[in-house]
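Asker: File follows, model08.pdb with PDB, C-alpha atoms, pLDDT in the B column:
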```pdb
ATOM      1  CA  MET O 112     -33.730 -18.280  13.559  1.00 53.00           C
ATOM      2  CA  ARG O 113     -31.206 -16.808  16.007  1.00 51.00           C
ATOM      3  CA  GLY O 114     -28.815 -19.696  15.317  1.00 47.00           C
ATOM      4  CA  LEU O 115     -29.083 -19.076  11.570  1.00 42.00           C
ATOM      5  CA  VAL O 116     -28.289 -15.378  11.993  1.00 41.00           C
ATOM      6  CA  LEU O 117     -25.297 -16.143  14.229  1.00 40.00           C
ATOM      7  CA  SER O 118     -24.022 -18.747  11.759  1.00 44.00           C
ATOM      8  CA  ALA O 119     -24.283 -16.272   8.878  1.00 43.00           C
ATOM      9  CA  LEU O 120     -22.503 -13.592  10.897  1.00 39.00           C
ATOM     10  CA  ALA O 121     -19.701 -15.978  11.865  1.00 40.00           C
ATOM     11  CA  ALA O 122     -19.280 -17.087   8.254  1.00 40.00           C
ATOM     12  CA  SER O 123     -19.010 -13.501   7.025  1.00 40.00           C
ATOM     13  CA  LEU O 124     -16.430 -12.619   9.681  1.00 37.00           C
ATOM     14  CA  LEU O 125     -14.351 -15.673   8.808  1.00 38.00           C
ATOM     15  CA  ALA O 126     -14.407 -14.782   5.096  1.00 37.00           C
ATOM     16  CA  MET O 127     -12.800 -11.358   5.596  1.00 38.00           C
ATOM     17  CA  PRO O 128      -9.509 -12.496   7.158  1.00 40.00           C
ATOM     18  CA  ALA O 129      -9.141 -15.168   4.491  1.00 43.00           C
ATOM     19  CA  MET O 130      -8.741 -12.481   1.830  1.00 57.00           C
ATOM     20  CA  ALA O 131      -6.317 -10.522   3.992  1.00 69.00           C
ATOM     21  CA  ALA O 132      -4.295 -13.688   4.629  1.00 72.00           C
ATOM     22  CA  ASP O 133      -3.931 -14.152   0.856  1.00 93.00           C
ATOM     23  CA  ILE O 134      -2.375 -10.700   0.402  1.00 95.00           C
ATOM     24  CA  THR O 135       1.148 -10.090   1.639  1.00 96.00           C
ATOM     25  CA  ILE O 136       3.176  -6.901   1.846  1.00 97.00           C
ATOM     26  CA  SER O 137       6.953  -7.158   2.039  1.00 97.00           C
ATOM     27  CA  ASP O 138      10.071  -4.994   1.763  1.00 97.00           C
ATOM     28  CA  GLY O 139       8.175  -1.772   2.557  1.00 98.00           C
ATOM     29  CA  TRP O 140      10.220   1.426   2.794  1.00 98.00           C
ATOM     30  CA  PHE O 141      10.034   5.180   2.271  1.00 97.00           C
ATOM     31  CA  ARG O 142      12.675   7.477   0.822  1.00 96.00           C
ATOM     32  CA  ALA O 143      12.688  10.453   3.203  1.00 94.00           C
ATOM     33  CA  LEU O 144      13.735  13.752   1.670  1.00 92.00           C
ATOM     34  CA  PRO O 145      14.773  16.910   3.530  1.00 89.00           C
ATOM     35  CA  ALA O 146      12.630  19.958   4.272  1.00 86.00           C
ATOM     36  CA  GLY O 147       9.301  18.137   4.293  1.00 85.00           C
ATOM     37  CA  LEU O 148       9.450  17.269   0.597  1.00 93.00           C
ATOM     38  CA  PRO O 149       7.120  14.429  -0.504  1.00 95.00           C
ATOM     39  CA  SER O 150       8.418  10.937   0.270  1.00 96.00           C
ATOM     40  CA  GLY O 151       8.128   7.973  -2.094  1.00 96.00           C
ATOM     41  CA  GLY O 152       7.019   4.636  -0.670  1.00 97.00           C
ATOM     42  CA  TYR O 153       8.005   1.285  -2.153  1.00 97.00           C
ATOM     43  CA  PHE O 154       7.065  -2.323  -1.386  1.00 97.00           C
ATOM     44  CA  THR O 155       6.169  -5.691  -2.867  1.00 97.00           C
ATOM     45  CA  LEU O 156       2.532  -6.802  -2.934  1.00 97.00           C
ATOM     46  CA  HIS O 157       1.683 -10.473  -3.477  1.00 97.00           C
ATOM     47  CA  ASN O 158      -1.798 -11.827  -4.140  1.00 97.00           C
ATOM     48  CA  GLY O 159      -1.741 -15.486  -3.119  1.00 96.00           C
ATOM     49  CA  GLY O 160      -5.509 -15.826  -3.475  1.00 95.00           C
ATOM     50  CA  ALA O 161      -7.684 -17.266  -6.233  1.00 95.00           C
ATOM     51  CA  ASP O 162      -9.225 -13.928  -7.268  1.00 95.00           C
ATOM     52  CA  THR O 163      -7.956 -10.564  -8.482  1.00 96.00           C
ATOM     53  CA  VAL O 164      -7.754  -7.949  -5.728  1.00 96.00           C
ATOM     54  CA  THR O 165      -7.828  -4.217  -6.334  1.00 97.00           C
ATOM     55  CA  LEU O 166      -5.728  -1.795  -4.315  1.00 97.00           C
ATOM     56  CA  THR O 167      -7.770   1.392  -3.930  1.00 98.00           C
ATOM     57  CA  GLY O 168      -5.859   3.505  -1.419  1.00 97.00           C
ATOM     58  CA  ALA O 169      -3.352   3.854   1.369  1.00 98.00           C
ATOM     59  CA  SER O 170      -2.967   5.814   4.585  1.00 98.00           C
ATOM     60  CA  SER O 171      -0.323   6.475   7.215  1.00 98.00           C
ATOM     61  CA  PRO O 172      -0.211   8.642  10.312  1.00 97.00           C
ATOM     62  CA  ALA O 173       3.232   9.775   9.045  1.00 97.00           C
ATOM     63  CA  CYS O 174       1.651  11.465   5.995  1.00 97.00           C
ATOM     64  CA  ALA O 175      -0.954  14.200   5.743  1.00 96.00           C
ATOM     65  CA  MET O 176      -2.023  12.429   2.543  1.00 97.00           C
ATOM     66  CA  LEU O 177      -0.795   9.126   1.085  1.00 97.00           C
ATOM     67  CA  MET O 178      -1.639   8.472  -2.556  1.00 97.00           C
ATOM     68  CA  LEU O 179      -1.198   5.711  -5.111  1.00 97.00           C
ATOM     69  CA  HIS O 180       1.079   7.015  -7.878  1.00 95.00           C
ATOM     70  CA  LYS O 181       2.693   5.814 -11.070  1.00 95.00           C
ATOM     71  CA  THR O 182       5.670   7.162 -12.958  1.00 88.00           C
ATOM     72  CA  ALA O 183       5.352   6.821 -16.719  1.00 82.00           C
ATOM     73  CA  ASP O 184       7.649   7.626 -19.631  1.00 77.00           C
ATOM     74  CA  MET O 185       5.906   9.384 -22.520  1.00 76.00           C
ATOM     75  CA  ASN O 186       7.981  10.459 -25.524  1.00 80.00           C
ATOM     76  CA  GLY O 187      11.164  10.516 -23.467  1.00 78.00           C
ATOM     77  CA  MET O 188       9.598  12.624 -20.711  1.00 78.00           C
ATOM     78  CA  SER O 189       8.973  11.165 -17.270  1.00 77.00           C
ATOM     79  CA  SER O 190       5.712  12.122 -15.581  1.00 79.00           C
ATOM     80  CA  MET O 191       4.052  11.120 -12.351  1.00 82.00           C
ATOM     81  CA  GLY O 192       0.382  11.025 -11.483  1.00 86.00           C
ATOM     82  CA  ASP O 193      -2.318   9.716  -9.190  1.00 90.00           C
ATOM     83  CA  VAL O 194      -3.771   6.276  -9.798  1.00 94.00           C
ATOM     84  CA  ALA O 195      -7.326   5.526  -8.597  1.00 95.00           C
ATOM     85  CA  SER O 196      -6.855   1.761  -8.313  1.00 97.00           C
ATOM     86  CA  ILE O 197      -4.404  -1.016  -9.122  1.00 97.00           C
ATOM     87  CA  PRO O 198      -5.605  -4.563  -9.838  1.00 96.00           C
ATOM     88  CA  VAL O 199      -3.387  -7.438  -8.726  1.00 96.00           C
ATOM     89  CA  VAL O 200      -4.212 -10.695 -10.500  1.00 96.00           C
ATOM     90  CA  ALA O 201      -4.473 -13.932  -8.502  1.00 96.00           C
ATOM     91  CA  GLY O 202      -1.036 -15.418  -7.927  1.00 96.00           C
ATOM     92  CA  ASP O 203       0.739 -12.262  -9.122  1.00 97.00           C
ATOM     93  CA  THR O 204       3.398 -10.175  -7.402  1.00 97.00           C
ATOM     94  CA  LEU O 205       3.568  -6.448  -8.055  1.00 96.00           C
ATOM     95  CA  LYS O 206       6.654  -4.418  -7.111  1.00 97.00           C
ATOM     96  CA  PHE O 207       6.161  -0.793  -6.174  1.00 97.00           C
ATOM     97  CA  ALA O 208       9.538   0.720  -7.063  1.00 95.00           C
ATOM     98  CA  PRO O 209      11.162   3.948  -8.249  1.00 92.00           C
ATOM     99  CA  GLY O 210      10.164   4.589 -11.856  1.00 90.00           C
ATOM    100  CA  GLY O 211       6.835   2.707 -11.609  1.00 93.00           C
ATOM    101  CA  TYR O 212       4.021   2.301  -9.134  1.00 96.00           C
ATOM    102  CA  HIS O 213       4.733   3.846  -5.735  1.00 97.00           C
ATOM    103  CA  LEU O 214       3.126   5.575  -2.776  1.00 97.00           C
ATOM    104  CA  MET O 215       3.448   9.354  -2.517  1.00 97.00           C
ATOM    105  CA  CYS O 216       3.512  10.752   1.026  1.00 97.00           C
ATOM    106  CA  MET O 217       2.507  14.413   0.977  1.00 96.00           C
ATOM    107  CA  ASN O 218       3.446  16.632   3.932  1.00 96.00           C
ATOM    108  CA  PRO O 219       5.327  13.942   5.870  1.00 97.00           C
ATOM    109  CA  THR O 220       5.353  14.335   9.646  1.00 96.00           C
ATOM    110  CA  ALA O 221       8.414  14.321  11.908  1.00 94.00           C
ATOM    111  CA  ALA O 222       7.990  10.526  12.147  1.00 94.00           C
ATOM    112  CA  MET O 223       9.308  10.252   8.569  1.00 96.00           C
ATOM    113  CA  ARG O 224      13.012  10.265   9.416  1.00 94.00           C
ATOM    114  CA  PRO O 225      15.702   7.765   8.406  1.00 96.00           C
ATOM    115  CA  GLY O 226      16.197   4.895  10.820  1.00 96.00           C
ATOM    116  CA  THR O 227      12.574   4.739  11.965  1.00 97.00           C
ATOM    117  CA  LYS O 228       9.549   2.730  10.869  1.00 98.00           C
ATOM    118  CA  VAL O 229       6.105   4.089  10.032  1.00 98.00           C
ATOM    119  CA  ALA O 230       2.786   2.283   9.819  1.00 98.00           C
ATOM    120  CA  VAL O 231       1.045   2.052   6.427  1.00 98.00           C
ATOM    121  CA  THR O 232      -2.439   0.702   5.796  1.00 98.00           C
ATOM    122  CA  LEU O 233      -3.328  -0.484   2.293  1.00 98.00           C
ATOM    123  CA  GLU O 234      -7.014  -0.419   1.361  1.00 97.00           C
ATOM    124  CA  PHE O 235      -8.636  -2.803  -1.100  1.00 96.00           C
ATOM    125  CA  ALA O 236     -11.961  -2.871  -2.947  1.00 96.00           C
ATOM    126  CA  GLY O 237     -14.505  -4.584  -0.741  1.00 93.00           C
ATOM    127  CA  GLY O 238     -13.216  -2.957   2.432  1.00 94.00           C
ATOM    128  CA  THR O 239     -10.207  -5.122   3.301  1.00 94.00           C
ATOM    129  CA  LYS O 240      -7.371  -3.201   4.975  1.00 96.00           C
ATOM    130  CA  ILE O 241      -3.891  -4.553   5.646  1.00 96.00           C
ATOM    131  CA  SER O 242      -1.274  -2.767   7.747  1.00 97.00           C
ATOM    132  CA  SER O 243       2.488  -3.067   7.592  1.00 97.00           C
ATOM    133  CA  ASP O 244       5.477  -1.197   9.012  1.00 98.00           C
ATOM    134  CA  PHE O 245       7.670   0.517   6.418  1.00 98.00           C
ATOM    135  CA  ALA O 246      11.329   1.354   7.112  1.00 98.00           C
ATOM    136  CA  VAL O 247      12.340   4.965   6.508  1.00 97.00           C
ATOM    137  CA  LYS O 248      15.579   5.383   4.578  1.00 97.00           C
ATOM    138  CA  ASP O 249      17.560   8.428   3.490  1.00 94.00           C
ATOM    139  CA  ALA O 250      17.541  10.056   0.059  1.00 91.00           C
ATOM    140  CA  LYS O 251      20.020   7.444  -1.223  1.00 90.00           C
ATOM    141  CA  GLY O 252      17.762   4.578  -0.087  1.00 90.00           C
ATOM    142  CA  LYS O 253      20.072   3.544   2.759  1.00 91.00           C
TER     143      LYS O 253
END
```
Take the structure in the file and give it back as structure tokens.
Answerer:
Amino acid sequence: MRGLVLSALAASLLAMPAMAADITISDGWFRALPAGLPSGGYFTLHNGGADTVTLTGASSPACAMLMLHKTADMNGMSSMGDVASIPVVAGDTLKFAPGGYHLMCMNPTAAMRPGTKVAVTLEFAGGTKISSDFAVKDAKGK
């Protein structure tokens, strides 16, 4: 019985990294603005797995709050709002970029200054978390 329990535990632990290995984050960066204004975060997310994954949140020690956001154009007016989750279909690549999906860093800390890197953790349905370092750039994206 003990061997069966240990085998089941080992199998479940091995299954978790497999999902994380199928998800890649690249080209992560924040646009730092002066005076503690909110900072937008951008990156590319690739799902190399066989199943859809759902991004449900993000966190960073450089932000008091880090939210999933989307900019939308409605009747010629641009608006921005929170997004509860973002599905990424198997084999798909989703770019988080100005004018679309992005991260919104509220109350950025002193760590959010151009020329540095800040840690970001993306959270997925099912409990998977993946961390990546994001470059911090100036208001012009340089």
Asker: To verify the selection step, state as a ChimeraX atom specification which residues the PyMOL selection byres ((chain O and resi 142) around 12) yields on this input.
Answerer: /O:139-141,143-145,147-154,208-209,213-216,219,223-229,245-253
Asker: Would you mind exporting the chosen residues as a compact mmCIF listing (two decimals), in the frame of the given file, restricted to C-alpha atoms?
Answerer:
```txt
# COMPACT_ATOMS: atom_id res chain seq x y z
CA GLY O 139 8.18 -1.77 2.56
CA TRP O 140 10.22 1.43 2.79
CA PHE O 141 10.03 5.18 2.27
CA ALA O 143 12.69 10.45 3.20
CA LEU O 144 13.74 13.75 1.67
CA PRO O 145 14.77 16.91 3.53
CA GLY O 147 9.30 18.14 4.29
CA LEU O 148 9.45 17.27 0.60
CA PRO O 149 7.12 14.43 -0.50
CA SER O 150 8.42 10.94 0.27
CA GLY O 151 8.13 7.97 -2.09
CA GLY O 152 7.02 4.64 -0.67
CA TYR O 153 8.01 1.28 -2.15
CA PHE O 154 7.06 -2.32 -1.39
CA ALA O 208 9.54 0.72 -7.06
CA PRO O 209 11.16 3.95 -8.25
CA HIS O 213 4.73 3.85 -5.74
CA LEU O 214 3.13 5.58 -2.78
CA MET O 215 3.45 9.35 -2.52
CA CYS O 216 3.51 10.75 1.03
CA PRO O 219 5.33 13.94 5.87
CA MET O 223 9.31 10.25 8.57
CA ARG O 224 13.01 10.26 9.42
CA PRO O 225 15.70 7.76 8.41
CA GLY O 226 16.20 4.89 10.82
CA THR O 227 12.57 4.74 11.96
CA LYS O 228 9.55 2.73 10.87
CA VAL O 229 6.10 4.09 10.03
CA PHE O 245 7.67 0.52 6.42
CA ALA O 246 11.33 1.35 7.11
CA VAL O 247 12.34 4.96 6.51
CA LYS O 248 15.58 5.38 4.58
CA ASP O 249 17.56 8.43 3.49
CA ALA O 250 17.54 10.06 0.06
CA LYS O 251 20.02 7.44 -1.22
CA GLY O 252 17.76 4.58 -0.09
CA LYS O 253 20.07 3.54 2.76
```
Asker: Which residue gives the smallest distance to Gly237 (chain O) among O:Thr135, O:Thr182, O:Thr163, O:Ser189, with all atoms listed in the file counted?
Answerer: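 The closest residue to Gly237 (chain O) is O:Thr163.
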Asker: Evaluated on this file, the PyMOL selection byres ((chain O and resi 194) around 8) picks out some residues - which ones are they, written as a PyMOL selection string?
Answerer: chain O and resi 178-181+192-193+195-197
Asker: Here's the selection I'm unsure about, the PyMOL selection byres ((chain O and resi 242) around 9); applied to the file above, which residues does it give, as number ranges by chain?
Answerer: O: 136, 230-234, 240-241, 243-244
Asker: Of the residues O:Ala146, O:Ala169, O:Leu177, O:Val200, which is the one nearest to Thr239 (chain O), using all atoms listed in the file?
Answerer: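 Among the listed residues, the smallest separation from Thr239 (chain O) belongs to O:Ala169.
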Asker: Smallest atom-to-atom distance to Leu166 (chain O): which of O:Met185, O:Met191, O:Ala221, O:Leu205, using all atoms listed in the file?
Answerer: O:Leu205
Asker: Take every atom of region 233-243 of chain O listed in the file, pad by 3 Å on each side, and give me the axis-aligned box centre and edge lengths in Å, one decimal, as lines of an AutoDock Vina configuration file.
Answerer:
```
center_x = -6.0
center_y = -2.8
center_z = 2.4
size_x = 23.0
size_y = 10.7
size_z = 16.7
```
Asker: Could you tell me how far CA of Asp203 (chain O) sits from CA of Ser170 (chain O), in Å to one decimal place?
Answerer: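 About the pair CA of Ser170 (chain O) and CA of Asp203 (chain O): they are 23.0 Å apart.
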Asker: Kindly extract all protein, DNA and RNA residues lying within 6 Å of the coordinates (-3.9, -15.4, -1.3) given in the file, considering only C-alpha atoms, and supply them as a list in words.
Answerer: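 Within 6 Å of (-3.9, -15.4, -1.3), the protein and nucleic acid residues are Asp133, Ile134, Asn158, Gly159 and Gly160 of chain O.
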